[in-house]
>>> print(open('run25.pdb').read())   # PDB, C-alpha atoms, pLDDT in the B column
ATOM      1  CA  ILE A 355      99.725  98.515 111.862  1.00 94.00           C
ATOM      2  CA  ALA A 356      95.965  98.224 112.317  1.00 96.00           C
ATOM      3  CA  PHE A 357      93.253  99.860 110.220  1.00 96.00           C
ATOM      4  CA  VAL A 358      89.728  99.942 111.661  1.00 95.00           C
ATOM      5  CA  ASN A 359      87.517  99.904 108.577  1.00 94.00           C
ATOM      6  CA  LYS A 360      83.780 100.347 107.871  1.00 92.00           C
ATOM      7  CA  LEU A 361      83.189 102.946 110.561  1.00 91.00           C
ATOM      8  CA  ASP A 362      80.328 104.277 108.431  1.00 88.00           C
ATOM      9  CA  ARG A 363      78.228 101.219 109.320  1.00 88.00           C
ATOM     10  CA  ASP A 364      75.484 101.480 111.911  1.00 86.00           C
ATOM     11  CA  GLY A 365      76.742 100.420 115.310  1.00 86.00           C
ATOM     12  CA  ALA A 366      80.427 100.631 114.345  1.00 90.00           C
ATOM     13  CA  SER A 367      82.652 101.681 117.235  1.00 92.00           C
ATOM     14  CA  LEU A 368      86.338 102.527 117.095  1.00 93.00           C
ATOM     15  CA  GLU A 369      86.618 102.429 120.881  1.00 94.00           C
ATOM     16  CA  ARG A 370      85.072  98.958 121.091  1.00 95.00           C
ATOM     17  CA  THR A 371      87.354  97.603 118.372  1.00 95.00           C
ATOM     18  CA  VAL A 372      90.474  99.010 120.031  1.00 95.00           C
ATOM     19  CA  LYS A 373      89.399  97.520 123.355  1.00 95.00           C
ATOM     20  CA  MET A 374      88.955  94.120 121.706  1.00 95.00           C
ATOM     21  CA  MET A 375      92.470  94.353 120.251  1.00 94.00           C
ATOM     22  CA  GLN A 376      93.813  95.037 123.707  1.00 94.00           C
ATOM     23  CA  GLU A 377      91.888  92.236 125.394  1.00 94.00           C
ATOM     24  CA  LYS A 378      91.990  89.479 122.766  1.00 93.00           C
ATOM     25  CA  LEU A 379      95.309  90.214 121.040  1.00 92.00           C
ATOM     26  CA  GLU A 380      97.045  91.763 124.071  1.00 92.00           C
ATOM     27  CA  ALA A 381      98.225  94.561 121.776  1.00 93.00           C
ATOM     28  CA  ASN A 382      99.626  97.900 122.911  1.00 95.00           C
ATOM     29  CA  THR A 383      97.363  99.962 120.690  1.00 96.00           C
ATOM     30  CA  LEU A 384      98.460 103.477 119.728  1.00 96.00           C
ATOM     31  CA  LEU A 385      95.456 105.408 118.435  1.00 97.00           C
ATOM     32  CA  THR A 386      96.766 107.917 115.897  1.00 96.00           C
ATOM     33  CA  GLN A 387      93.445 109.093 114.430  1.00 96.00           C
ATOM     34  CA  ILE A 388      89.916 110.017 115.526  1.00 94.00           C
ATOM     35  CA  PRO A 389      87.105 109.586 112.955  1.00 93.00           C
ATOM     36  CA  ILE A 390      84.948 112.544 111.940  1.00 91.00           C
ATOM     37  CA  ILE A 391      81.425 111.146 111.713  1.00 87.00           C
ATOM     38  CA  GLU A 392      78.429 112.972 110.292  1.00 83.00           C
ATOM     39  CA  GLY A 393      74.787 111.947 110.040  1.00 74.00           C
ATOM     40  CA  ASP A 394      74.054 108.853 112.119  1.00 61.00           C
ATOM     41  CA  THR A 395      70.459 109.992 112.626  1.00 58.00           C
ATOM     42  CA  PHE A 396      67.055 108.649 111.618  1.00 57.00           C
ATOM     43  CA  ASP A 397      66.910 111.060 108.658  1.00 54.00           C
ATOM     44  CA  GLU A 398      70.567 111.012 107.610  1.00 64.00           C
ATOM     45  CA  ALA A 399      72.865 108.056 106.974  1.00 71.00           C
ATOM     46  CA  ARG A 400      76.060 107.706 108.978  1.00 77.00           C
ATOM     47  CA  ALA A 401      79.184 108.830 107.080  1.00 83.00           C
ATOM     48  CA  VAL A 402      82.883 109.101 107.900  1.00 86.00           C
ATOM     49  CA  THR A 403      83.888 112.338 106.198  1.00 87.00           C
ATOM     50  CA  GLY A 404      87.436 112.476 107.534  1.00 90.00           C
ATOM     51  CA  VAL A 405      89.772 111.888 110.443  1.00 93.00           C
ATOM     52  CA  ILE A 406      91.602 113.978 113.001  1.00 94.00           C
ATOM     53  CA  ASP A 407      95.307 113.144 112.730  1.00 95.00           C
ATOM     54  CA  LEU A 408      96.730 113.115 116.261  1.00 95.00           C
ATOM     55  CA  VAL A 409     100.302 113.029 114.904  1.00 95.00           C
ATOM     56  CA  SER A 410     100.223 116.064 112.592  1.00 94.00           C
ATOM     57  CA  MET A 411      97.330 117.694 114.505  1.00 94.00           C
ATOM     58  CA  GLU A 412      95.314 118.305 111.349  1.00 93.00           C
ATOM     59  CA  LYS A 413      91.914 117.413 110.003  1.00 94.00           C
ATOM     60  CA  LEU A 414      91.885 115.262 106.877  1.00 93.00           C
ATOM     61  CA  ILE A 415      88.628 115.754 104.961  1.00 91.00           C
ATOM     62  CA  TRP A 416      87.601 113.568 101.980  1.00 88.00           C
ATOM     63  CA  ASN A 417      85.354 114.281  99.049  1.00 81.00           C
ATOM     64  CA  GLN A 418      82.430 111.886  99.622  1.00 71.00           C
ATOM     65  CA  SER A 419      82.215 110.606  96.039  1.00 67.00           C
ATOM     66  CA  LYS A 420      82.921 106.883  95.569  1.00 60.00           C
ATOM     67  CA  THR A 421      85.039 107.619  92.506  1.00 59.00           C
ATOM     68  CA  THR A 422      87.463 110.122  93.992  1.00 60.00           C
ATOM     69  CA  LYS A 423      90.479 109.861  96.249  1.00 73.00           C
ATOM     70  CA  ASP A 424      90.769 113.608  96.785  1.00 83.00           C
ATOM     71  CA  TYR A 425      91.169 114.898 100.313  1.00 88.00           C
ATOM     72  CA  LYS A 426      92.463 118.028 101.954  1.00 91.00           C
ATOM     73  CA  ARG A 427      94.333 118.853 105.144  1.00 92.00           C
ATOM     74  CA  VAL A 428      92.951 121.660 107.244  1.00 91.00           C
ATOM     75  CA  PRO A 429      93.981 123.001 110.654  1.00 89.00           C
ATOM     76  CA  ILE A 430      92.057 121.924 113.739  1.00 88.00           C
ATOM     77  CA  GLU A 431      89.947 124.933 114.677  1.00 84.00           C
ATOM     78  CA  ASN A 432      89.940 124.290 118.401  1.00 83.00           C
ATOM     79  CA  LEU A 433      93.133 122.744 119.792  1.00 80.00           C
ATOM     80  CA  GLU A 434      91.547 122.882 123.247  1.00 80.00           C
ATOM     81  CA  ASP A 435      88.788 120.460 122.266  1.00 85.00           C
ATOM     82  CA  GLU A 436      88.664 117.825 125.002  1.00 90.00           C
ATOM     83  CA  THR A 437      88.586 114.879 122.575  1.00 90.00           C
ATOM     84  CA  VAL A 438      91.616 116.133 120.652  1.00 92.00           C
ATOM     85  CA  VAL A 439      93.623 117.018 123.770  1.00 92.00           C
ATOM     86  CA  ARG A 440      92.812 113.676 125.423  1.00 94.00           C
ATOM     87  CA  GLY A 441      93.663 111.741 122.267  1.00 94.00           C
ATOM     88  CA  ARG A 442      97.010 113.468 121.789  1.00 94.00           C
ATOM     89  CA  GLU A 443      97.865 113.128 125.480  1.00 95.00           C
ATOM     90  CA  ASP A 444      97.035 109.408 125.506  1.00 95.00           C
ATOM     91  CA  LEU A 445      99.175 108.811 122.406  1.00 96.00           C
ATOM     92  CA  ALA A 446     102.150 110.743 123.814  1.00 95.00           C
ATOM     93  CA  GLU A 447     101.865 109.068 127.211  1.00 95.00           C
ATOM     94  CA  GLN A 448     101.779 105.566 125.706  1.00 95.00           C
ATOM     95  CA  LEU A 449     104.798 106.317 123.517  1.00 96.00           C
ATOM     96  CA  ALA A 450     106.717 107.633 126.517  1.00 95.00           C
ATOM     97  CA  LEU A 451     106.121 104.333 128.315  1.00 95.00           C
ATOM     98  CA  LEU A 452     107.351 102.299 125.336  1.00 95.00           C
ATOM     99  CA  ASP A 453     110.169 104.474 123.962  1.00 95.00           C
ATOM    100  CA  ASP A 454     112.917 105.859 126.220  1.00 94.00           C
ATOM    101  CA  ASP A 455     114.074 108.403 123.626  1.00 94.00           C
ATOM    102  CA  PHE A 456     110.604 109.866 123.352  1.00 95.00           C
ATOM    103  CA  ALA A 457     110.151 109.767 127.126  1.00 95.00           C
ATOM    104  CA  GLU A 458     112.787 112.507 127.430  1.00 94.00           C
ATOM    105  CA  VAL A 459     110.927 114.675 124.896  1.00 94.00           C
ATOM    106  CA  TYR A 460     107.646 114.032 126.696  1.00 94.00           C
ATOM    107  CA  MET A 461     109.040 114.961 130.117  1.00 93.00           C
ATOM    108  CA  GLU A 462     110.563 118.200 128.809  1.00 92.00           C
ATOM    109  CA  SER A 463     107.365 119.413 127.109  1.00 91.00           C
ATOM    110  CA  GLU A 464     104.774 121.468 128.961  1.00 87.00           C
ATOM    111  CA  ASN A 465     101.913 119.654 127.241  1.00 88.00           C
ATOM    112  CA  SER A 466     101.510 117.038 124.530  1.00 90.00           C
ATOM    113  CA  ILE A 467     100.060 119.506 122.004  1.00 90.00           C
ATOM    114  CA  ASP A 468     103.407 121.322 121.850  1.00 90.00           C
ATOM    115  CA  ILE A 469     105.402 118.191 120.971  1.00 93.00           C
ATOM    116  CA  ASP A 470     106.670 118.325 117.389  1.00 94.00           C
ATOM    117  CA  SER A 471     104.895 115.896 115.084  1.00 94.00           C
ATOM    118  CA  SER A 472     108.201 114.599 113.718  1.00 95.00           C
ATOM    119  CA  ALA A 473     109.212 113.441 117.208  1.00 96.00           C
ATOM    120  CA  ILE A 474     105.963 111.493 117.567  1.00 96.00           C
ATOM    121  CA  ARG A 475     106.288 110.025 114.068  1.00 96.00           C
ATOM    122  CA  GLU A 476     109.863 108.888 114.736  1.00 96.00           C
ATOM    123  CA  SER A 477     108.820 107.359 118.055  1.00 96.00           C
ATOM    124  CA  LEU A 478     105.943 105.496 116.414  1.00 97.00           C
ATOM    125  CA  ARG A 479     108.409 104.051 113.930  1.00 95.00           C
ATOM    126  CA  ARG A 480     110.803 102.860 116.644  1.00 95.00           C
ATOM    127  CA  VAL A 481     107.990 101.313 118.659  1.00 96.00           C
ATOM    128  CA  THR A 482     106.534  99.585 115.585  1.00 95.00           C
ATOM    129  CA  VAL A 483     109.867  98.265 114.298  1.00 91.00           C
ATOM    130  CA  ASN A 484     110.660  96.863 117.746  1.00 92.00           C
ATOM    131  CA  ARG A 485     107.166  95.306 117.941  1.00 92.00           C
ATOM    132  CA  LEU A 486     106.308  97.132 121.139  1.00 95.00           C
ATOM    133  CA  GLY A 487     103.101  98.751 119.943  1.00 95.00           C
ATOM    134  CA  VAL A 488     100.548  98.854 117.119  1.00 96.00           C
ATOM    135  CA  PRO A 489      99.626 102.186 115.470  1.00 97.00           C
ATOM    136  CA  VAL A 490      95.869 102.268 114.858  1.00 97.00           C
ATOM    137  CA  LEU A 491      94.332 104.182 111.956  1.00 96.00           C
ATOM    138  CA  CYS A 492      90.690 104.320 110.913  1.00 95.00           C
ATOM    139  CA  GLY A 493      88.275 105.186 108.150  1.00 92.00           C
ATOM    140  CA  SER A 494      85.942 103.763 105.520  1.00 89.00           C
ATOM    141  CA  ALA A 495      87.705 102.204 102.528  1.00 87.00           C
ATOM    142  CA  LEU A 496      84.499 102.119 100.446  1.00 82.00           C
ATOM    143  CA  LYS A 497      84.865 105.854  99.796  1.00 82.00           C
ATOM    144  CA  ASN A 498      88.661 105.891 100.196  1.00 86.00           C
ATOM    145  CA  THR A 499      88.362 107.688 103.529  1.00 89.00           C
ATOM    146  CA  GLY A 500      91.562 107.056 105.472  1.00 91.00           C
ATOM    147  CA  VAL A 501      93.255 104.944 102.798  1.00 91.00           C
ATOM    148  CA  GLN A 502      95.989 107.405 101.781  1.00 93.00           C
ATOM    149  CA  PRO A 503      97.211 107.990 105.364  1.00 94.00           C
ATOM    150  CA  LEU A 504      97.305 104.206 105.776  1.00 94.00           C
ATOM    151  CA  MET A 505      99.618 103.930 102.763  1.00 93.00           C
ATOM    152  CA  ASP A 506     101.782 106.716 104.227  1.00 94.00           C
ATOM    153  CA  ALA A 507     101.888 104.842 107.544  1.00 95.00           C
ATOM    154  CA  PHE A 508     103.454 101.831 105.804  1.00 93.00           C
ATOM    155  CA  ILE A 509     106.350 104.070 104.800  1.00 92.00           C
ATOM    156  CA  ASP A 510     106.535 106.079 108.026  1.00 94.00           C
ATOM    157  CA  TYR A 511     106.306 103.244 110.562  1.00 94.00           C
ATOM    158  CA  LEU A 512     107.213  99.889 109.009  1.00 91.00           C
ATOM    159  CA  PRO A 513     110.838  98.804 108.462  1.00 85.00           C
ATOM    160  CA  SER A 514     112.512  98.803 105.072  1.00 78.00           C
ATOM    161  CA  PRO A 515     114.213  95.545 103.941  1.00 70.00           C
ATOM    162  CA  SER A 516     117.582  96.961 105.068  1.00 70.00           C
ATOM    163  CA  GLU A 517     116.251  97.393 108.627  1.00 68.00           C
ATOM    164  CA  ARG A 518     115.069  93.814 109.072  1.00 64.00           C
ATOM    165  CA  ASP A 519     116.642  91.615 111.704  1.00 61.00           C
ATOM    166  CA  GLU A 520     119.525  89.575 110.318  1.00 54.00           C
ATOM    167  CA  ARG A 521     117.881  86.288 111.244  1.00 48.00           C
ATOM    168  CA  ASN A 522     114.854  87.180 109.146  1.00 54.00           C
ATOM    169  CA  ARG A 523     116.790  88.114 106.024  1.00 54.00           C
ATOM    170  CA  VAL A 524     116.306  85.936 102.953  1.00 52.00           C
ATOM    171  CA  ASP A 525     119.380  83.944 101.961  1.00 53.00           C
ATOM    172  CA  GLN A 526     119.751  84.706  98.270  1.00 48.00           C
ATOM    173  CA  THR A 527     121.670  81.460  97.743  1.00 44.00           C
ATOM    174  CA  LYS A 528     118.710  79.329  98.802  1.00 50.00           C
ATOM    175  CA  GLN A 529     116.382  77.619  96.404  1.00 51.00           C
ATOM    176  CA  LYS A 530     113.998  79.895  94.523  1.00 58.00           C
ATOM    177  CA  MET A 531     110.573  80.253  96.118  1.00 58.00           C
ATOM    178  CA  SER A 532     108.807  79.106  92.942  1.00 57.00           C
ATOM    179  CA  THR A 533     110.538  75.705  93.028  1.00 67.00           C
ATOM    180  CA  ARG A 534     109.633  74.913  96.640  1.00 76.00           C
ATOM    181  CA  GLU A 535     106.638  72.987  97.943  1.00 84.00           C
ATOM    182  CA  LEU A 536     103.350  74.833  97.433  1.00 87.00           C
ATOM    183  CA  LYS A 537     102.195  76.834 100.438  1.00 87.00           C
ATOM    184  CA  ALA A 538      99.267  79.191  99.932  1.00 89.00           C
ATOM    185  CA  LEU A 539      96.426  80.831 101.837  1.00 89.00           C
ATOM    186  CA  ALA A 540      92.891  80.915 100.431  1.00 88.00           C
ATOM    187  CA  PHE A 541      91.654  84.254 101.730  1.00 87.00           C
ATOM    188  CA  LYS A 542      88.473  84.744  99.703  1.00 88.00           C
ATOM    189  CA  VAL A 543      85.802  82.653  97.934  1.00 88.00           C
ATOM    190  CA  GLN A 544      83.515  84.259  95.373  1.00 89.00           C
ATOM    191  CA  ASN A 545      80.703  82.871  93.228  1.00 88.00           C
ATOM    192  CA  ASP A 546      80.796  84.117  89.658  1.00 85.00           C
ATOM    193  CA  LYS A 547      77.703  83.592  87.485  1.00 86.00           C
ATOM    194  CA  ASN A 548      79.851  82.726  84.459  1.00 87.00           C
ATOM    195  CA  ARG A 549      82.830  80.938  85.978  1.00 86.00           C
ATOM    196  CA  GLY A 550      81.328  79.411  89.097  1.00 88.00           C
ATOM    197  CA  GLY A 551      83.295  79.287  92.333  1.00 88.00           C
ATOM    198  CA  LEU A 552      86.472  81.376  92.438  1.00 89.00           C
ATOM    199  CA  VAL A 553      89.070  81.003  95.181  1.00 88.00           C
ATOM    200  CA  PHE A 554      91.610  83.786  95.703  1.00 90.00           C
ATOM    201  CA  LEU A 555      95.023  82.617  96.912  1.00 89.00           C
ATOM    202  CA  ARG A 556      98.069  84.278  98.401  1.00 88.00           C
ATOM    203  CA  VAL A 557     101.023  82.076  97.389  1.00 86.00           C
ATOM    204  CA  TYR A 558     103.953  82.021  99.812  1.00 83.00           C
ATOM    205  CA  SER A 559     106.055  79.396  98.036  1.00 84.00           C
ATOM    206  CA  GLY A 560     105.840  76.972  95.138  1.00 86.00           C
ATOM    207  CA  SER A 561     103.535  77.335  92.150  1.00 86.00           C
ATOM    208  CA  LEU A 562     100.059  76.231  91.104  1.00 86.00           C
ATOM    209  CA  SER A 563      98.990  75.093  87.657  1.00 87.00           C
ATOM    210  CA  THR A 564      95.760  73.991  86.009  1.00 86.00           C
ATOM    211  CA  LYS A 565      94.433  70.605  87.232  1.00 86.00           C
ATOM    212  CA  ASN A 566      96.858  70.464  90.176  1.00 87.00           C
ATOM    213  CA  VAL A 567      95.464  68.697  93.240  1.00 87.00           C
ATOM    214  CA  VAL A 568      96.281  70.404  96.547  1.00 87.00           C
ATOM    215  CA  TYR A 569      95.753  69.449 100.188  1.00 86.00           C
ATOM    216  CA  ASN A 570      93.593  71.701 102.362  1.00 85.00           C
ATOM    217  CA  VAL A 571      95.179  71.656 105.832  1.00 83.00           C
ATOM    218  CA  SER A 572      92.056  73.193 107.419  1.00 79.00           C
ATOM    219  CA  GLN A 573      89.982  70.116 106.557  1.00 76.00           C
ATOM    220  CA  GLN A 574      90.096  66.734 108.305  1.00 58.00           C
TER
END
>>> encode(input="run25.pdb", output="structure tokens")
Amino acid sequence: IAFVNKLDRDGASLERTVKMMQEKLEANTLLTQIPIIEGDTFDEARAVTGVIDLVSMEKLIWNQSKTTKDYKRVPIENLEDETVVRGREDLAEQLALLDDDFAEVYMESENSIDIDSSAIRESLRRVTVNRLGVPVLCGSALKNTGVQPLMDAFIDYLPSPSERDERNRVDQTKQKMSTRELKALAFKVQNDKNRGGLVFLRVYSGSLSTKNVVYNVSQQ
């Protein structure tokens, strides 16, 4: 799953980011949302106030306070809007190419707008689980815009532990992760005025204690 963040910044472009994913990562991107952008003028700052959900065919509108996570779902006023119709059609067409079960639904429907959202959601899950495509969501996490649908997408599209491939299952009889050799990723460095340099780690195995010396594989 991909989340295109910070679309409220000047010069941000969802289309450009998706194109880069296709060209540099060779990903089959499946755009499931279109951002609703207001402002972006000399007198008014750019803001992402919501998204158009191309799966449920609804508008999701957020309260623009930094301290709230409240949002509401409202119907799309004009289902004949060219951007909405094109977005839904592109999503359905891509799914039909990647998912044989959905291809039958797509061929039997008169137009993509009439396809039930549950059929699209189920197809997105199959495509994601089989690693055939990448659902793309968007928003601006600073004001929580788009965050809740992203959390829902984890549940809707990603596999549960029981659905994982047998060869990727963890053997419960193996040695505990905490007793293995340390393997960790430093994903953020922050300077704190009281504590100095802070390094944030994601630990994959082993453990780390005070005064331990570790080897940085990214350095010569």
>>> closest_residue(input="run25.pdb", among="A:Val402, A:Ile467, A:Ala450, A:Met505", to="Asn432 in chain A", atoms="only C-alpha atoms")
A:Ile467
>>> residues_near_point(input="run25.pdb", point="(88.0, 110.8, 105.6)", cutoff="7 Å", atoms="all atoms listed in the file", output="list in words")
Val402, Thr403, Gly404, Val405, Leu414, Ile415, Trp416, Gly493, Thr499 and Gly500 of chain A
>>> residues_around(input="run25.pdb", residues="Ile355 in chain A", least_positions_apart="2", cutoff="10 Å", atoms="all atoms listed in the file", output="list in words")
Phe357, Thr383, Leu384, Thr482, Gly487, Val488, Pro489, Val490, Leu491, Leu504, Ala507, Phe508, Tyr511 and Leu512 of chain A
>>> write_last_selection(input="run25.pdb", atoms="C-alpha atoms", output="tab-separated table (two decimals), in the frame of the given file")
chain	number	residue	atom	x	y	z
A	357	PHE	CA	93.25	99.86	110.22
A	383	THR	CA	97.36	99.96	120.69
A	384	LEU	CA	98.46	103.48	119.73
A	482	THR	CA	106.53	99.58	115.58
A	487	GLY	CA	103.10	98.75	119.94
A	488	VAL	CA	100.55	98.85	117.12
A	489	PRO	CA	99.63	102.19	115.47
A	490	VAL	CA	95.87	102.27	114.86
A	491	LEU	CA	94.33	104.18	111.96
A	504	LEU	CA	97.30	104.21	105.78
A	507	ALA	CA	101.89	104.84	107.54
A	508	PHE	CA	103.45	101.83	105.80
A	511	TYR	CA	106.31	103.24	110.56
A	512	LEU	CA	107.21	99.89	109.01
>>> atom_distance(input="run25.pdb", atom1="CA of Asp424 in chain A", atom2="CA of Lys497 in chain A")
10.2 Å
>>> closest_residue(input="run25.pdb", among="A:Phe456, A:Gln418, A:Leu539, A:Gln376", to="Glu476 in chain A", atoms="all atoms listed in the file")
A:Phe456
>>> resolve_selection(input="run25.pdb", expression="the PyMOL selection byres ((chain A and resi 360) around 8)", output="compact mmCIF listing (two decimals) with C-alpha atoms, in the frame of the given file")
# COMPACT_ATOMS: atom_id res chain seq x y z
CA VAL A 358 89.73 99.94 111.66
CA ASN A 359 87.52 99.90 108.58
CA LEU A 361 83.19 102.95 110.56
CA ASP A 362 80.33 104.28 108.43
CA ARG A 363 78.23 101.22 109.32
CA ALA A 366 80.43 100.63 114.34
CA GLY A 493 88.28 105.19 108.15
CA SER A 494 85.94 103.76 105.52
CA ALA A 495 87.70 102.20 102.53
CA LEU A 496 84.50 102.12 100.45
